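*Asks:* Please find final_36.cif (mmCIF, C-alpha atoms) on the next line:
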```
data_run
loop_
_atom_site.label_atom_id
_atom_site.label_comp_id
_atom_site.auth_asym_id
_atom_site.auth_seq_id
_atom_site.Cartn_x
_atom_site.Cartn_y
_atom_site.Cartn_z
CA MET U 1 129.55 128.81 6.73
CA ILE U 2 131.11 128.75 10.20
CA LYS U 3 134.54 129.74 8.86
CA LYS U 4 132.96 132.69 7.06
CA GLU U 5 131.28 133.90 10.27
CA ILE U 6 134.50 133.58 12.28
CA THR U 7 136.40 135.43 9.54
CA ILE U 8 133.86 138.25 9.56
CA GLY U 9 134.21 138.48 13.35
CA PHE U 10 138.01 138.40 13.12
CA VAL U 11 138.14 141.19 10.54
CA THR U 12 135.62 143.20 12.56
CA GLY U 13 137.78 142.74 15.66
CA ILE U 14 140.92 143.92 13.88
CA ILE U 15 139.09 146.95 12.46
CA ALA U 16 137.59 147.76 15.87
CA ASN U 17 141.04 147.55 17.44
CA CYS U 18 142.48 149.92 14.82
CA ILE U 19 139.60 152.34 15.28
CA GLY U 20 140.11 152.17 19.04
CA VAL U 21 143.79 153.04 18.70
CA LEU U 22 143.05 155.91 16.33
CA LEU U 23 140.25 157.17 18.57
CA TYR U 24 142.53 157.11 21.60
CA ILE U 25 145.23 159.01 19.71
CA ALA U 26 142.72 161.56 18.41
CA LEU U 27 141.29 162.20 21.87
CA PHE U 28 144.40 162.19 24.05
CA SER U 29 147.41 163.05 21.88
CA ASP U 30 148.51 166.50 20.82
CA LEU U 31 150.56 165.05 17.96
CA LYS U 32 149.45 163.68 14.61
CA ILE U 33 148.59 160.01 14.27
CA LYS U 34 151.76 158.97 12.44
CA THR U 35 153.98 160.93 14.81
CA THR U 36 152.25 159.42 17.83
CA LEU U 37 152.66 155.87 16.50
CA VAL U 38 156.35 156.41 15.75
CA ALA U 39 156.93 157.92 19.21
CA ALA U 40 155.03 155.04 20.83
CA LYS U 41 157.20 152.50 19.04
CA GLU U 42 160.41 154.33 19.97
CA ASN U 43 159.35 154.53 23.64
CA ASN U 44 158.19 150.89 23.73
CA VAL U 45 154.57 151.77 24.57
CA LEU U 46 153.00 150.63 21.31
CA GLY U 47 151.71 147.50 23.05
CA SER U 48 149.95 149.61 25.64
CA LEU U 49 148.38 151.69 22.89
CA ILE U 50 147.11 148.54 21.16
CA ALA U 51 145.74 147.24 24.47
CA LEU U 52 143.80 150.46 24.97
CA GLY U 53 142.44 150.17 21.44
CA ALA U 54 141.33 146.60 22.12
CA VAL U 55 138.80 147.87 24.64
CA LEU U 56 136.54 148.63 21.68
CA ASN U 57 136.54 144.89 20.91
CA LEU U 58 134.59 144.38 24.11
CA LEU U 59 131.69 146.37 22.70
CA VAL U 60 131.77 144.52 19.39
CA PHE U 61 131.97 141.15 21.17
CA PHE U 62 128.87 141.81 23.26
CA LEU U 63 127.06 143.30 20.27
CA PHE U 64 127.54 140.04 18.37
CA LEU U 65 126.44 138.03 21.39
CA ASN U 66 123.27 140.11 21.74
CA GLN U 67 122.55 139.59 18.04
CA ASN U 68 122.88 135.82 18.60
CA LYS U 69 125.96 135.53 16.37
CA PRO U 70 128.34 133.46 18.52
CA TYR U 71 130.75 132.58 15.72
CA ARG U 72 131.34 136.23 14.90
CA ALA U 73 131.93 136.82 18.62
CA ARG U 74 134.51 134.02 18.52
CA GLY U 75 136.24 135.82 15.64
CA VAL U 76 136.42 139.01 17.69
CA LEU U 77 137.83 136.99 20.58
CA LEU U 78 140.45 135.52 18.24
CA ALA U 79 141.46 139.00 17.08
CA THR U 80 141.78 140.10 20.70
CA LEU U 81 143.93 137.08 21.54
CA ILE U 82 146.22 137.77 18.59
CA ALA U 83 146.58 141.37 19.78
CA ALA U 84 147.42 140.07 23.26
CA VAL U 85 150.08 137.72 21.86
CA TYR U 86 151.60 140.60 19.87
CA ILE U 87 151.64 142.77 23.01
CA ALA U 88 153.30 140.01 25.04
CA ILE U 89 155.94 139.41 22.35
CA SER U 90 156.70 143.12 22.03
CA LYS U 91 157.01 143.56 25.81
CA PHE U 92 159.39 140.66 26.36
CA SER U 93 161.63 141.03 23.31
#
```
Kindly transcribe the structure held in the file into structure tokens.
*Replies:*
Amino acid sequence: MIKKEITIGFVTGIIANCIGVLLYIALFSDLKIKTTLVAAKENNVLGSLIALGAVLNLLVFFLFLNQNKPYRARGVLLATLIAAVYIAISKFS
């Protein structure tokens, strides 16, 4: 039961991060989504784009805490940590 709740939180965190990235691109980029992602990867700013998208995880995290679902909140935290590790690896390699 606990693993299921953490998995739901993890998947929700990944989806929220993707929606955050797409929302940021839609609001602040003049280019299409695919073009923006390719340009971000070429200019080594894809990690920054993912970090900006992860801000949406903050809302989901506190939503789960307010609903008294701490294991789902832990899943969101895990998704955020995995995004942070990816960002760190992409910055230093």
*Asks:* Using the chain letters and numbering of this document, enumerate as a PDB file with C-alpha atoms, in the frame of the given file the residues selected by the PyMOL selection byres ((chain U and resi 55-58) around 10).
*Replies:*
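Result file follows (selection35.pdb):
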```
ATOM      1  CA  THR U  12     135.620 143.200  12.560  1.00  0.00           C
ATOM      2  CA  GLY U  13     137.780 142.740  15.660  1.00  0.00           C
ATOM      3  CA  ILE U  14     140.920 143.920  13.880  1.00  0.00           C
ATOM      4  CA  ILE U  15     139.090 146.950  12.460  1.00  0.00           C
ATOM      5  CA  ALA U  16     137.590 147.760  15.870  1.00  0.00           C
ATOM      6  CA  ASN U  17     141.040 147.550  17.440  1.00  0.00           C
ATOM      7  CA  CYS U  18     142.480 149.920  14.820  1.00  0.00           C
ATOM      8  CA  ILE U  19     139.600 152.340  15.280  1.00  0.00           C
ATOM      9  CA  GLY U  20     140.110 152.170  19.040  1.00  0.00           C
ATOM     10  CA  VAL U  21     143.790 153.040  18.700  1.00  0.00           C
ATOM     11  CA  LEU U  23     140.250 157.170  18.570  1.00  0.00           C
ATOM     12  CA  ILE U  50     147.110 148.540  21.160  1.00  0.00           C
ATOM     13  CA  ALA U  51     145.740 147.240  24.470  1.00  0.00           C
ATOM     14  CA  LEU U  52     143.800 150.460  24.970  1.00  0.00           C
ATOM     15  CA  GLY U  53     142.440 150.170  21.440  1.00  0.00           C
ATOM     16  CA  ALA U  54     141.330 146.600  22.120  1.00  0.00           C
ATOM     17  CA  LEU U  59     131.690 146.370  22.700  1.00  0.00           C
ATOM     18  CA  VAL U  60     131.770 144.520  19.390  1.00  0.00           C
ATOM     19  CA  PHE U  61     131.970 141.150  21.170  1.00  0.00           C
ATOM     20  CA  PHE U  62     128.870 141.810  23.260  1.00  0.00           C
ATOM     21  CA  LEU U  63     127.060 143.300  20.270  1.00  0.00           C
ATOM     22  CA  ALA U  73     131.930 136.820  18.620  1.00  0.00           C
ATOM     23  CA  VAL U  76     136.420 139.010  17.690  1.00  0.00           C
ATOM     24  CA  LEU U  77     137.830 136.990  20.580  1.00  0.00           C
ATOM     25  CA  ALA U  79     141.460 139.000  17.080  1.00  0.00           C
ATOM     26  CA  THR U  80     141.780 140.100  20.700  1.00  0.00           C
TER      27      THR U  80
END
```
*Asks:* For stretch 64-72 of chain U, work out the shell of residues within 8 Å, counting all atoms listed in the file and skipping chain neighbours fewer than 3 positions away, then give it as a list of chain:residue names.
*Replies:*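 Selected residues are U:Ile2, U:Glu5, U:Ile6, U:Thr7, U:Ile8, U:Gly9, U:Phe10, U:Val60, U:Phe61, U:Gly75, U:Val76.
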*Asks:* How far is it from atom CA of U:Tyr86 to atom CA of U:Gly47, in Å with one decimal?
*Replies:*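 If I compute the distance from atom CA of U:Tyr86 to atom CA of U:Gly47, I get 7.6 Å.
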*Asks:* Report, in Å to a single decimal, how far apart atom CA of U:Leu78 and atom CA of U:Thr36 are.
*Replies:* 26.7 Å
*Asks:* Grab the atom CA of U:Lys32 to atom CA of U:Ser90 distance for me, in Å with one decimal place.
*Replies:*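 Between atom CA of U:Lys32 and atom CA of U:Ser90 the gap works out to 23.0 Å.
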*Asks:* Could you check which of U:Val45, U:Tyr24, U:Arg74, U:Asp30 is closest to U:Lys3, using all atoms listed in the file?
*Replies:*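 Of U:Val45, U:Tyr24, U:Arg74, U:Asp30, the one nearest U:Lys3, counting all atoms listed in the file, is U:Arg74.
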